[in-house]
Amino acid sequence: MKTSALFRVLLLASLFAFSARAQNVAARPAPSWKLKDVNGQEVSSDQFKGKVVVVDFWATWCGPCRMEIPGYVALQKKYGRDRLAIIGMSVDQQGPGVVKKFIQANKVDYQIVMADETVQEAFAGDEGINAIPTTFIIDQAGNIQDRKVGAEPTEVFEKRLAKYLK
């Protein structure tokens with residue numbers, strides 16, 4: 001799918017993503033990835049092995065995405081960097097400069113990288129990523145265990161996340 005077409009689909013879908021839909025997924029190995037952060041530094045999935053990882057596909061212009069960010073900041077603080085890693089994968093097409101300004105203005109302190117089509121397709125599998133936010137929980141063994149489409153209150157998401165943090 002061309003980037004501009006994906007952008008239109010994600011924009012339209014995000015308008016309807018105000019309530020989350022948890023989806024049961026067959027556990028499968030999470031894809032390996034290497035992406036750049038907003039400063040141009042390479043970040044790799046290998047850096048997070050042994051942790052529970054939350055991968056959140058989002059954008060600065062997405063209202064539901066923005067609503068969830070304070071909750072992700074709180075979860076990262078609560079569960080610490082030893083047990084949990086939250087990775088925001090920005091699909092912003094305006095580039096890392098826009099995302100960097102957003103991160104600074106909103107005090108986002110978890111890892112943010114710039115997603116590309118390859119990583120989106122690798123995570124999406126047969127289901128596709130057709131709305132943002134789309135969020136995955138990866139267990140300590142490196143398997144995708146949960147997929148959430150849309151935003152939901154932090155307390156609800158934390159309940160699903162907690163069983164993997166034990």
# chains A, B, ... in the order shown; residues from 1 in each chain; ligands from 1
>>> residues_around(residues="Phe102 of chain A", least_positions_apart="2", cutoff="12 Å", atoms="only C-alpha atoms", output="PyMOL selection string")
chain A and resi 38+59-62+66+69+90+92+95-100+104-109+112
>>> select_by_dssp(residues="chain A", states="strand (DSSP E or B)", output="short mmCIF file (atom, residue, chain, number, x, y, z; two decimals) with all heavy atoms, in the first residue's frame")
data_model
loop_
_atom_site.label_atom_id
_atom_site.label_comp_id
_atom_site.auth_asym_id
_atom_site.auth_seq_id
_atom_site.Cartn_x
_atom_site.Cartn_y
_atom_site.Cartn_z
N ARG A 21 -11.13 -1.65 20.77
CA ARG A 21 -11.59 -3.01 20.54
C ARG A 21 -10.40 -3.92 20.82
O ARG A 21 -9.43 -3.91 20.07
CB ARG A 21 -12.05 -3.20 19.09
CG ARG A 21 -13.27 -2.42 18.73
CD ARG A 21 -13.72 -2.68 17.29
NE ARG A 21 -12.67 -2.80 16.30
CZ ARG A 21 -12.12 -1.77 15.64
NH1 ARG A 21 -12.49 -0.54 15.88
NH2 ARG A 21 -11.19 -1.99 14.73
N ALA A 22 -10.49 -4.64 21.91
CA ALA A 22 -9.45 -5.62 22.20
C ALA A 22 -9.68 -6.80 21.26
O ALA A 22 -10.82 -7.20 21.03
CB ALA A 22 -9.52 -6.07 23.64
N GLN A 23 -8.61 -7.30 20.72
CA GLN A 23 -8.73 -8.41 19.79
C GLN A 23 -7.88 -9.57 20.26
O GLN A 23 -6.70 -9.39 20.57
CB GLN A 23 -8.29 -7.98 18.39
CG GLN A 23 -9.13 -6.86 17.82
CD GLN A 23 -8.60 -6.38 16.49
OE1 GLN A 23 -7.43 -6.52 16.19
NE2 GLN A 23 -9.48 -5.83 15.69
N ASN A 24 -8.50 -10.72 20.33
CA ASN A 24 -7.73 -11.90 20.63
C ASN A 24 -6.85 -12.21 19.43
O ASN A 24 -7.31 -12.17 18.30
CB ASN A 24 -8.64 -13.10 20.91
CG ASN A 24 -9.40 -12.94 22.21
OD1 ASN A 24 -8.93 -12.29 23.13
ND2 ASN A 24 -10.58 -13.53 22.27
N VAL A 25 -5.60 -12.45 19.70
CA VAL A 25 -4.68 -12.80 18.63
C VAL A 25 -4.03 -14.12 18.97
O VAL A 25 -3.80 -14.42 20.14
CB VAL A 25 -3.61 -11.71 18.41
CG1 VAL A 25 -4.23 -10.42 17.92
CG2 VAL A 25 -2.79 -11.45 19.65
N ALA A 26 -3.75 -14.88 17.94
CA ALA A 26 -2.98 -16.10 18.16
C ALA A 26 -1.55 -15.64 18.46
O ALA A 26 -0.98 -14.83 17.73
CB ALA A 26 -3.00 -16.97 16.91
N ALA A 27 -1.02 -16.11 19.57
CA ALA A 27 0.34 -15.72 19.94
C ALA A 27 1.28 -16.06 18.79
O ALA A 27 1.21 -17.14 18.22
CB ALA A 27 0.77 -16.43 21.22
N ARG A 28 2.11 -15.08 18.46
CA ARG A 28 3.09 -15.30 17.40
C ARG A 28 4.32 -14.46 17.74
O ARG A 28 4.22 -13.46 18.45
CB ARG A 28 2.54 -14.90 16.04
CG ARG A 28 2.17 -13.44 15.90
CD ARG A 28 1.62 -13.13 14.50
NE ARG A 28 1.01 -11.83 14.45
CZ ARG A 28 1.63 -10.72 14.03
NH1 ARG A 28 2.88 -10.78 13.65
NH2 ARG A 28 0.99 -9.57 14.00
N PRO A 29 5.47 -14.86 17.24
CA PRO A 29 6.67 -14.08 17.53
C PRO A 29 6.54 -12.66 17.00
O PRO A 29 6.05 -12.44 15.89
CB PRO A 29 7.77 -14.83 16.78
CG PRO A 29 7.25 -16.22 16.61
CD PRO A 29 5.76 -16.07 16.46
N LYS A 34 14.39 -2.42 13.27
CA LYS A 34 15.37 -1.38 13.53
C LYS A 34 14.81 -0.12 12.91
O LYS A 34 14.53 -0.07 11.71
CB LYS A 34 16.72 -1.70 12.88
CG LYS A 34 17.47 -2.81 13.55
CD LYS A 34 18.81 -3.02 12.89
CE LYS A 34 19.50 -4.23 13.52
NZ LYS A 34 20.77 -4.53 12.86
N LEU A 35 14.59 0.89 13.76
CA LEU A 35 14.02 2.16 13.30
C LEU A 35 14.80 3.31 13.93
O LEU A 35 15.52 3.12 14.91
CB LEU A 35 12.54 2.26 13.71
CG LEU A 35 11.61 1.22 13.09
CD1 LEU A 35 10.26 1.23 13.80
CD2 LEU A 35 11.44 1.46 11.60
N LYS A 36 14.62 4.49 13.39
CA LYS A 36 15.29 5.68 13.92
C LYS A 36 14.36 6.40 14.88
O LYS A 36 13.15 6.48 14.67
CB LYS A 36 15.66 6.62 12.78
CG LYS A 36 16.54 5.98 11.74
CD LYS A 36 17.92 6.48 11.83
CE LYS A 36 18.70 5.81 10.70
NZ LYS A 36 20.05 5.93 10.75
N ASP A 37 14.97 6.94 15.94
CA ASP A 37 14.19 7.79 16.85
C ASP A 37 14.15 9.20 16.26
O ASP A 37 14.65 9.44 15.16
CB ASP A 37 14.75 7.74 18.27
CG ASP A 37 16.11 8.38 18.44
OD1 ASP A 37 16.60 9.11 17.54
OD2 ASP A 37 16.72 8.19 19.52
N GLU A 42 19.52 4.97 15.81
CA GLU A 42 18.88 3.68 15.56
C GLU A 42 18.46 3.02 16.87
O GLU A 42 19.21 3.00 17.84
CB GLU A 42 19.83 2.75 14.81
CG GLU A 42 19.16 1.46 14.36
CD GLU A 42 20.07 0.62 13.50
OE1 GLU A 42 20.82 -0.21 14.07
OE2 GLU A 42 20.01 0.79 12.27
N VAL A 43 17.24 2.51 16.86
CA VAL A 43 16.69 1.78 18.00
C VAL A 43 16.26 0.43 17.45
O VAL A 43 15.68 0.34 16.37
CB VAL A 43 15.48 2.52 18.61
CG1 VAL A 43 14.88 1.73 19.77
CG2 VAL A 43 15.88 3.92 19.06
N SER A 44 16.54 -0.62 18.20
CA SER A 44 16.26 -1.98 17.73
C SER A 44 15.41 -2.74 18.73
O SER A 44 15.53 -2.54 19.95
CB SER A 44 17.59 -2.71 17.53
OG SER A 44 17.40 -4.09 17.38
N VAL A 52 8.50 -6.97 29.00
CA VAL A 52 7.19 -6.85 28.38
C VAL A 52 7.24 -5.55 27.58
O VAL A 52 7.69 -4.52 28.09
CB VAL A 52 6.07 -6.82 29.43
CG1 VAL A 52 4.73 -6.52 28.78
CG2 VAL A 52 6.03 -8.13 30.21
N VAL A 53 6.82 -5.63 26.33
CA VAL A 53 6.91 -4.46 25.44
C VAL A 53 5.52 -4.11 24.93
O VAL A 53 4.77 -4.97 24.48
CB VAL A 53 7.85 -4.75 24.25
CG1 VAL A 53 7.93 -3.54 23.31
CG2 VAL A 53 9.24 -5.16 24.74
N VAL A 54 5.19 -2.83 25.05
CA VAL A 54 3.97 -2.30 24.46
C VAL A 54 4.40 -1.52 23.23
O VAL A 54 5.22 -0.60 23.32
CB VAL A 54 3.22 -1.37 25.44
CG1 VAL A 54 2.06 -0.68 24.76
CG2 VAL A 54 2.75 -2.16 26.65
N VAL A 55 3.90 -1.92 22.06
CA VAL A 55 4.18 -1.21 20.81
C VAL A 55 2.89 -0.51 20.39
O VAL A 55 1.88 -1.16 20.16
CB VAL A 55 4.66 -2.18 19.70
CG1 VAL A 55 4.77 -1.46 18.36
CG2 VAL A 55 5.99 -2.80 20.09
N ASP A 56 2.96 0.81 20.33
CA ASP A 56 1.79 1.63 20.04
C ASP A 56 2.01 2.41 18.74
O ASP A 56 2.88 3.27 18.68
CB ASP A 56 1.54 2.60 21.19
CG ASP A 56 0.33 3.49 20.96
OD1 ASP A 56 -0.73 2.95 20.59
OD2 ASP A 56 0.46 4.72 21.15
N PHE A 57 1.24 2.08 17.70
CA PHE A 57 1.27 2.84 16.45
C PHE A 57 0.35 4.04 16.64
O PHE A 57 -0.84 3.88 16.94
CB PHE A 57 0.82 1.97 15.28
CG PHE A 57 1.84 0.94 14.90
CD1 PHE A 57 1.82 -0.32 15.47
CD2 PHE A 57 2.85 1.25 14.00
CE1 PHE A 57 2.78 -1.27 15.13
CE2 PHE A 57 3.81 0.30 13.66
CZ PHE A 57 3.77 -0.96 14.23
N TRP A 58 0.87 5.24 16.43
CA TRP A 58 0.16 6.47 16.76
C TRP A 58 0.63 7.60 15.85
O TRP A 58 1.57 7.43 15.07
CB TRP A 58 0.41 6.84 18.22
CG TRP A 58 1.82 7.34 18.45
CD1 TRP A 58 2.97 6.59 18.45
CD2 TRP A 58 2.22 8.69 18.63
NE1 TRP A 58 4.06 7.39 18.64
CE2 TRP A 58 3.64 8.69 18.75
CE3 TRP A 58 1.55 9.89 18.71
CZ2 TRP A 58 4.38 9.85 18.95
CZ3 TRP A 58 2.28 11.05 18.91
CH2 TRP A 58 3.68 11.03 19.03
N LEU A 84 9.12 -3.20 31.92
CA LEU A 84 8.24 -2.78 30.86
C LEU A 84 8.94 -1.76 29.96
O LEU A 84 9.63 -0.87 30.44
CB LEU A 84 6.99 -2.11 31.47
CG LEU A 84 5.99 -1.50 30.48
CD1 LEU A 84 5.31 -2.58 29.64
CD2 LEU A 84 4.95 -0.67 31.24
N ALA A 85 8.72 -1.90 28.66
CA ALA A 85 9.19 -0.91 27.70
C ALA A 85 8.00 -0.53 26.82
O ALA A 85 7.36 -1.40 26.24
CB ALA A 85 10.33 -1.47 26.85
N ILE A 86 7.71 0.75 26.79
CA ILE A 86 6.67 1.24 25.91
C ILE A 86 7.36 1.91 24.73
O ILE A 86 8.25 2.75 24.92
CB ILE A 86 5.71 2.20 26.63
CG1 ILE A 86 4.99 1.45 27.75
CG2 ILE A 86 4.73 2.83 25.64
CD1 ILE A 86 4.03 2.26 28.57
N ILE A 87 6.97 1.49 23.53
CA ILE A 87 7.56 2.01 22.30
C ILE A 87 6.44 2.64 21.49
O ILE A 87 5.52 1.96 21.04
CB ILE A 87 8.21 0.89 21.45
CG1 ILE A 87 9.07 -0.05 22.28
CG2 ILE A 87 8.96 1.50 20.27
CD1 ILE A 87 10.24 0.56 22.95
N GLY A 88 6.52 3.94 21.31
CA GLY A 88 5.58 4.63 20.43
C GLY A 88 6.15 4.63 19.03
O GLY A 88 7.25 5.13 18.81
N MET A 89 5.42 4.07 18.08
CA MET A 89 5.86 4.05 16.69
C MET A 89 5.02 5.05 15.91
O MET A 89 3.87 4.78 15.56
CB MET A 89 5.74 2.64 16.11
CG MET A 89 6.71 1.66 16.72
SD MET A 89 6.91 0.21 15.70
CE MET A 89 8.14 -0.69 16.62
N SER A 90 5.60 6.21 15.69
CA SER A 90 4.89 7.30 15.03
C SER A 90 4.74 7.03 13.53
O SER A 90 5.71 6.68 12.86
CB SER A 90 5.63 8.62 15.23
OG SER A 90 5.04 9.63 14.44
N GLN A 111 10.20 5.55 24.86
CA GLN A 111 10.87 5.51 23.56
C GLN A 111 9.90 5.77 22.41
O GLN A 111 8.86 5.13 22.33
CB GLN A 111 11.52 4.13 23.36
CG GLN A 111 12.29 3.99 22.08
CD GLN A 111 13.56 4.83 22.10
OE1 GLN A 111 14.43 4.62 22.91
NE2 GLN A 111 13.65 5.78 21.19
N ILE A 112 10.26 6.71 21.54
CA ILE A 112 9.47 6.99 20.34
C ILE A 112 10.38 6.77 19.13
O ILE A 112 11.52 7.25 19.11
CB ILE A 112 8.95 8.45 20.32
CG1 ILE A 112 8.09 8.75 21.54
CG2 ILE A 112 8.22 8.75 19.01
CD1 ILE A 112 6.74 8.07 21.56
N VAL A 113 9.87 6.05 18.15
CA VAL A 113 10.58 5.84 16.89
C VAL A 113 9.66 6.18 15.73
O VAL A 113 8.44 6.28 15.90
CB VAL A 113 11.09 4.38 16.76
CG1 VAL A 113 12.13 4.06 17.83
CG2 VAL A 113 9.94 3.38 16.83
N MET A 114 10.25 6.36 14.58
CA MET A 114 9.49 6.67 13.38
C MET A 114 9.22 5.36 12.63
O MET A 114 10.14 4.70 12.15
CB MET A 114 10.27 7.64 12.49
CG MET A 114 10.59 8.97 13.17
SD MET A 114 9.15 9.87 13.79
CE MET A 114 8.29 10.24 12.27
N THR A 134 -3.20 1.66 17.23
CA THR A 134 -3.22 0.20 17.28
C THR A 134 -2.04 -0.18 18.16
O THR A 134 -0.91 0.26 17.91
CB THR A 134 -3.11 -0.44 15.89
OG1 THR A 134 -4.29 -0.12 15.14
CG2 THR A 134 -2.99 -1.96 16.00
N THR A 135 -2.32 -0.99 19.18
CA THR A 135 -1.34 -1.26 20.21
C THR A 135 -1.19 -2.76 20.42
O THR A 135 -2.19 -3.49 20.45
CB THR A 135 -1.78 -0.59 21.54
OG1 THR A 135 -2.06 0.79 21.28
CG2 THR A 135 -0.71 -0.71 22.60
N PHE A 136 0.05 -3.20 20.55
CA PHE A 136 0.36 -4.62 20.76
C PHE A 136 1.07 -4.79 22.09
O PHE A 136 1.88 -3.95 22.49
CB PHE A 136 1.29 -5.12 19.65
CG PHE A 136 0.69 -5.06 18.28
CD1 PHE A 136 0.79 -3.90 17.52
CD2 PHE A 136 0.03 -6.14 17.75
CE1 PHE A 136 0.24 -3.83 16.25
CE2 PHE A 136 -0.52 -6.09 16.48
CZ PHE A 136 -0.42 -4.92 15.73
N ILE A 137 0.77 -5.91 22.77
CA ILE A 137 1.52 -6.30 23.97
C ILE A 137 2.36 -7.51 23.58
O ILE A 137 1.84 -8.51 23.08
CB ILE A 137 0.61 -6.66 25.15
CG1 ILE A 137 -0.23 -5.45 25.58
CG2 ILE A 137 1.45 -7.17 26.33
CD1 ILE A 137 -1.26 -5.77 26.66
N ILE A 138 3.65 -7.39 23.85
CA ILE A 138 4.60 -8.47 23.57
C ILE A 138 5.10 -8.98 24.92
O ILE A 138 5.54 -8.19 25.76
CB ILE A 138 5.78 -7.95 22.72
CG1 ILE A 138 5.25 -7.37 21.41
CG2 ILE A 138 6.80 -9.05 22.48
CD1 ILE A 138 6.27 -6.58 20.63
N ASN A 143 6.70 -12.78 22.25
CA ASN A 143 5.51 -13.13 21.47
C ASN A 143 4.42 -12.08 21.61
O ASN A 143 4.15 -11.61 22.72
CB ASN A 143 4.96 -14.48 21.93
CG ASN A 143 5.92 -15.60 21.65
OD1 ASN A 143 6.37 -15.79 20.52
ND2 ASN A 143 6.28 -16.34 22.68
N ILE A 144 3.79 -11.74 20.49
CA ILE A 144 2.64 -10.85 20.53
C ILE A 144 1.50 -11.61 21.18
O ILE A 144 1.13 -12.69 20.74
CB ILE A 144 2.24 -10.38 19.12
CG1 ILE A 144 3.34 -9.51 18.52
CG2 ILE A 144 0.90 -9.62 19.16
CD1 ILE A 144 3.09 -9.10 17.07
N GLN A 145 0.94 -11.04 22.25
CA GLN A 145 -0.13 -11.70 22.99
C GLN A 145 -1.46 -10.96 22.91
O GLN A 145 -2.50 -11.53 23.19
CB GLN A 145 0.26 -11.84 24.46
CG GLN A 145 1.43 -12.76 24.70
CD GLN A 145 1.08 -14.22 24.47
OE1 GLN A 145 -0.08 -14.61 24.36
NE2 GLN A 145 2.10 -15.05 24.39
N ASP A 146 -1.42 -9.67 22.57
CA ASP A 146 -2.62 -8.86 22.65
C ASP A 146 -2.53 -7.76 21.59
O ASP A 146 -1.44 -7.26 21.31
CB ASP A 146 -2.70 -8.23 24.05
CG ASP A 146 -4.00 -7.49 24.30
OD1 ASP A 146 -4.11 -6.32 23.94
OD2 ASP A 146 -4.90 -8.12 24.87
N ARG A 147 -3.68 -7.40 21.04
CA ARG A 147 -3.78 -6.30 20.07
C ARG A 147 -5.00 -5.48 20.43
O ARG A 147 -6.09 -6.02 20.61
CB ARG A 147 -3.91 -6.87 18.67
CG ARG A 147 -4.19 -5.84 17.60
CD ARG A 147 -4.43 -6.53 16.27
NE ARG A 147 -5.02 -5.63 15.34
CZ ARG A 147 -4.60 -5.44 14.11
NH1 ARG A 147 -3.56 -6.11 13.68
NH2 ARG A 147 -5.20 -4.61 13.31
N LYS A 148 -4.81 -4.17 20.50
CA LYS A 148 -5.90 -3.25 20.82
C LYS A 148 -5.99 -2.23 19.70
O LYS A 148 -5.00 -1.63 19.30
CB LYS A 148 -5.63 -2.56 22.15
CG LYS A 148 -6.60 -1.46 22.51
CD LYS A 148 -6.25 -0.82 23.84
CE LYS A 148 -4.97 -0.03 23.84
NZ LYS A 148 -4.98 1.21 23.07
N VAL A 149 -7.20 -2.01 19.20
CA VAL A 149 -7.43 -1.00 18.18
C VAL A 149 -8.30 0.08 18.81
O VAL A 149 -9.39 -0.21 19.29
CB VAL A 149 -8.13 -1.60 16.94
CG1 VAL A 149 -8.42 -0.50 15.91
CG2 VAL A 149 -7.27 -2.70 16.33
#
>>> closest_residue(among="A:Gly125, A:Lys159, A:Gln93, A:Gly142", to="Asp46 of chain A", atoms="only C-alpha atoms")
A:Gly142
>>> closest_residue(among="A:Pro64, A:Pro70, A:Pro31, A:Gly80", to="Glu152 of chain A", atoms="only C-alpha atoms")
A:Pro64
>>> residues_around(residues="Asp82 of chain A", least_positions_apart="5", cutoff="12 Å", atoms="only C-alpha atoms", output="ChimeraX atom specification")
/A:47-53,76-77,140,165
>>> select_by_dssp(residues="chain A", states="helix (DSSP H, G or I)", output="number ranges by chain")
A: 3-15, 45-48, 63-83, 96-106, 117-127, 154-165
>>> write_last_selection(atoms="C-alpha atoms", output="PDB file, in the first residue's frame")
ATOM      1  CA  THR A   3       2.284   5.706   1.979  1.00  0.00           C
ATOM      2  CA  SER A   4      -0.240   8.393   1.013  1.00  0.00           C
ATOM      3  CA  ALA A   5      -3.030   5.807   0.745  1.00  0.00           C
ATOM      4  CA  LEU A   6      -2.085   4.371   4.139  1.00  0.00           C
ATOM      5  CA  PHE A   7      -2.105   7.886   5.607  1.00  0.00           C
ATOM      6  CA  ARG A   8      -5.651   8.523   4.331  1.00  0.00           C
ATOM      7  CA  VAL A   9      -6.876   5.201   5.683  1.00  0.00           C
ATOM      8  CA  LEU A  10      -5.289   5.857   9.070  1.00  0.00           C
ATOM      9  CA  LEU A  11      -6.650   9.400   9.235  1.00  0.00           C
ATOM     10  CA  LEU A  12     -10.188   8.308   8.459  1.00  0.00           C
ATOM     11  CA  ALA A  13     -10.007   5.318  10.751  1.00  0.00           C
ATOM     12  CA  SER A  14      -8.624   7.346  13.656  1.00  0.00           C
ATOM     13  CA  LEU A  15     -11.734   9.504  13.593  1.00  0.00           C
ATOM     14  CA  SER A  45      13.796  -4.488  19.092  1.00  0.00           C
ATOM     15  CA  ASP A  46      16.827  -6.396  20.407  1.00  0.00           C
ATOM     16  CA  GLN A  47      17.295  -3.659  23.042  1.00  0.00           C
ATOM     17  CA  PHE A  48      14.062  -4.726  24.765  1.00  0.00           C
ATOM     18  CA  GLY A  63      -6.940  12.628  19.021  1.00  0.00           C
ATOM     19  CA  PRO A  64      -7.421   9.153  20.537  1.00  0.00           C
ATOM     20  CA  CYS A  65      -3.652   8.585  20.365  1.00  0.00           C
ATOM     21  CA  ARG A  66      -2.998  11.827  22.208  1.00  0.00           C
ATOM     22  CA  MET A  67      -5.539  10.876  24.894  1.00  0.00           C
ATOM     23  CA  GLU A  68      -3.656   7.666  25.708  1.00  0.00           C
ATOM     24  CA  ILE A  69      -0.162   9.124  25.983  1.00  0.00           C
ATOM     25  CA  PRO A  70      -0.393  10.359  29.604  1.00  0.00           C
ATOM     26  CA  GLY A  71      -1.496   6.852  30.601  1.00  0.00           C
ATOM     27  CA  TYR A  72       1.476   5.277  28.849  1.00  0.00           C
ATOM     28  CA  VAL A  73       3.796   7.732  30.601  1.00  0.00           C
ATOM     29  CA  ALA A  74       2.228   6.708  33.932  1.00  0.00           C
ATOM     30  CA  LEU A  75       2.507   2.984  33.163  1.00  0.00           C
ATOM     31  CA  GLN A  76       6.166   3.353  32.205  1.00  0.00           C
ATOM     32  CA  LYS A  77       6.849   5.119  35.515  1.00  0.00           C
ATOM     33  CA  LYS A  78       4.827   2.606  37.537  1.00  0.00           C
ATOM     34  CA  TYR A  79       6.375  -0.558  36.131  1.00  0.00           C
ATOM     35  CA  GLY A  80       9.844   0.797  35.558  1.00  0.00           C
ATOM     36  CA  ARG A  81      12.300   0.293  32.796  1.00  0.00           C
ATOM     37  CA  ASP A  82      13.409  -3.089  34.180  1.00  0.00           C
ATOM     38  CA  ARG A  83      10.077  -4.812  33.492  1.00  0.00           C
ATOM     39  CA  PRO A  96      10.635  13.437  13.090  1.00  0.00           C
ATOM     40  CA  GLY A  97      10.760  17.215  13.646  1.00  0.00           C
ATOM     41  CA  VAL A  98       7.001  17.390  14.244  1.00  0.00           C
ATOM     42  CA  VAL A  99       7.140  14.361  16.506  1.00  0.00           C
ATOM     43  CA  LYS A 100      10.109  15.708  18.473  1.00  0.00           C
ATOM     44  CA  LYS A 101       8.252  18.967  19.180  1.00  0.00           C
ATOM     45  CA  PHE A 102       5.202  16.976  20.302  1.00  0.00           C
ATOM     46  CA  ILE A 103       7.308  14.785  22.606  1.00  0.00           C
ATOM     47  CA  GLN A 104       8.897  17.817  24.246  1.00  0.00           C
ATOM     48  CA  ALA A 105       5.627  19.738  24.600  1.00  0.00           C
ATOM     49  CA  ASN A 106       3.831  16.741  26.120  1.00  0.00           C
ATOM     50  CA  GLU A 117       5.654   0.623   6.109  1.00  0.00           C
ATOM     51  CA  THR A 118       7.763  -2.505   6.547  1.00  0.00           C
ATOM     52  CA  VAL A 119       7.383  -2.562  10.338  1.00  0.00           C
ATOM     53  CA  GLN A 120       3.679  -1.713  10.107  1.00  0.00           C
ATOM     54  CA  GLU A 121       3.109  -4.641   7.758  1.00  0.00           C
ATOM     55  CA  ALA A 122       5.227  -6.947   9.921  1.00  0.00           C
ATOM     56  CA  PHE A 123       3.164  -6.194  13.031  1.00  0.00           C
ATOM     57  CA  ALA A 124      -0.178  -6.119  11.238  1.00  0.00           C
ATOM     58  CA  GLY A 125      -0.089  -9.631   9.862  1.00  0.00           C
ATOM     59  CA  ASP A 126      -3.322 -10.692   8.215  1.00  0.00           C
ATOM     60  CA  GLU A 127      -5.412  -8.259  10.273  1.00  0.00           C
ATOM     61  CA  THR A 154      -5.406   3.432  31.189  1.00  0.00           C
ATOM     62  CA  GLU A 155      -6.979   1.347  33.983  1.00  0.00           C
ATOM     63  CA  VAL A 156      -8.609  -1.005  31.471  1.00  0.00           C
ATOM     64  CA  PHE A 157      -5.428  -1.449  29.440  1.00  0.00           C
ATOM     65  CA  GLU A 158      -3.373  -1.928  32.600  1.00  0.00           C
ATOM     66  CA  LYS A 159      -5.522  -4.906  33.619  1.00  0.00           C
ATOM     67  CA  ARG A 160      -4.663  -6.723  30.389  1.00  0.00           C
ATOM     68  CA  LEU A 161      -1.019  -5.674  30.618  1.00  0.00           C
ATOM     69  CA  ALA A 162      -0.615  -6.750  34.263  1.00  0.00           C
ATOM     70  CA  LYS A 163      -0.885 -10.478  33.569  1.00  0.00           C
ATOM     71  CA  TYR A 164       2.261 -10.291  31.428  1.00  0.00           C
ATOM     72  CA  LEU A 165       4.209  -8.302  34.019  1.00  0.00           C
TER      73      LEU A 165
END
>>> closest_residue(among="A:Val91, A:Pro153, A:Asp116, A:Tyr110", to="Ile132 of chain A", atoms="only C-alpha atoms")
A:Val91
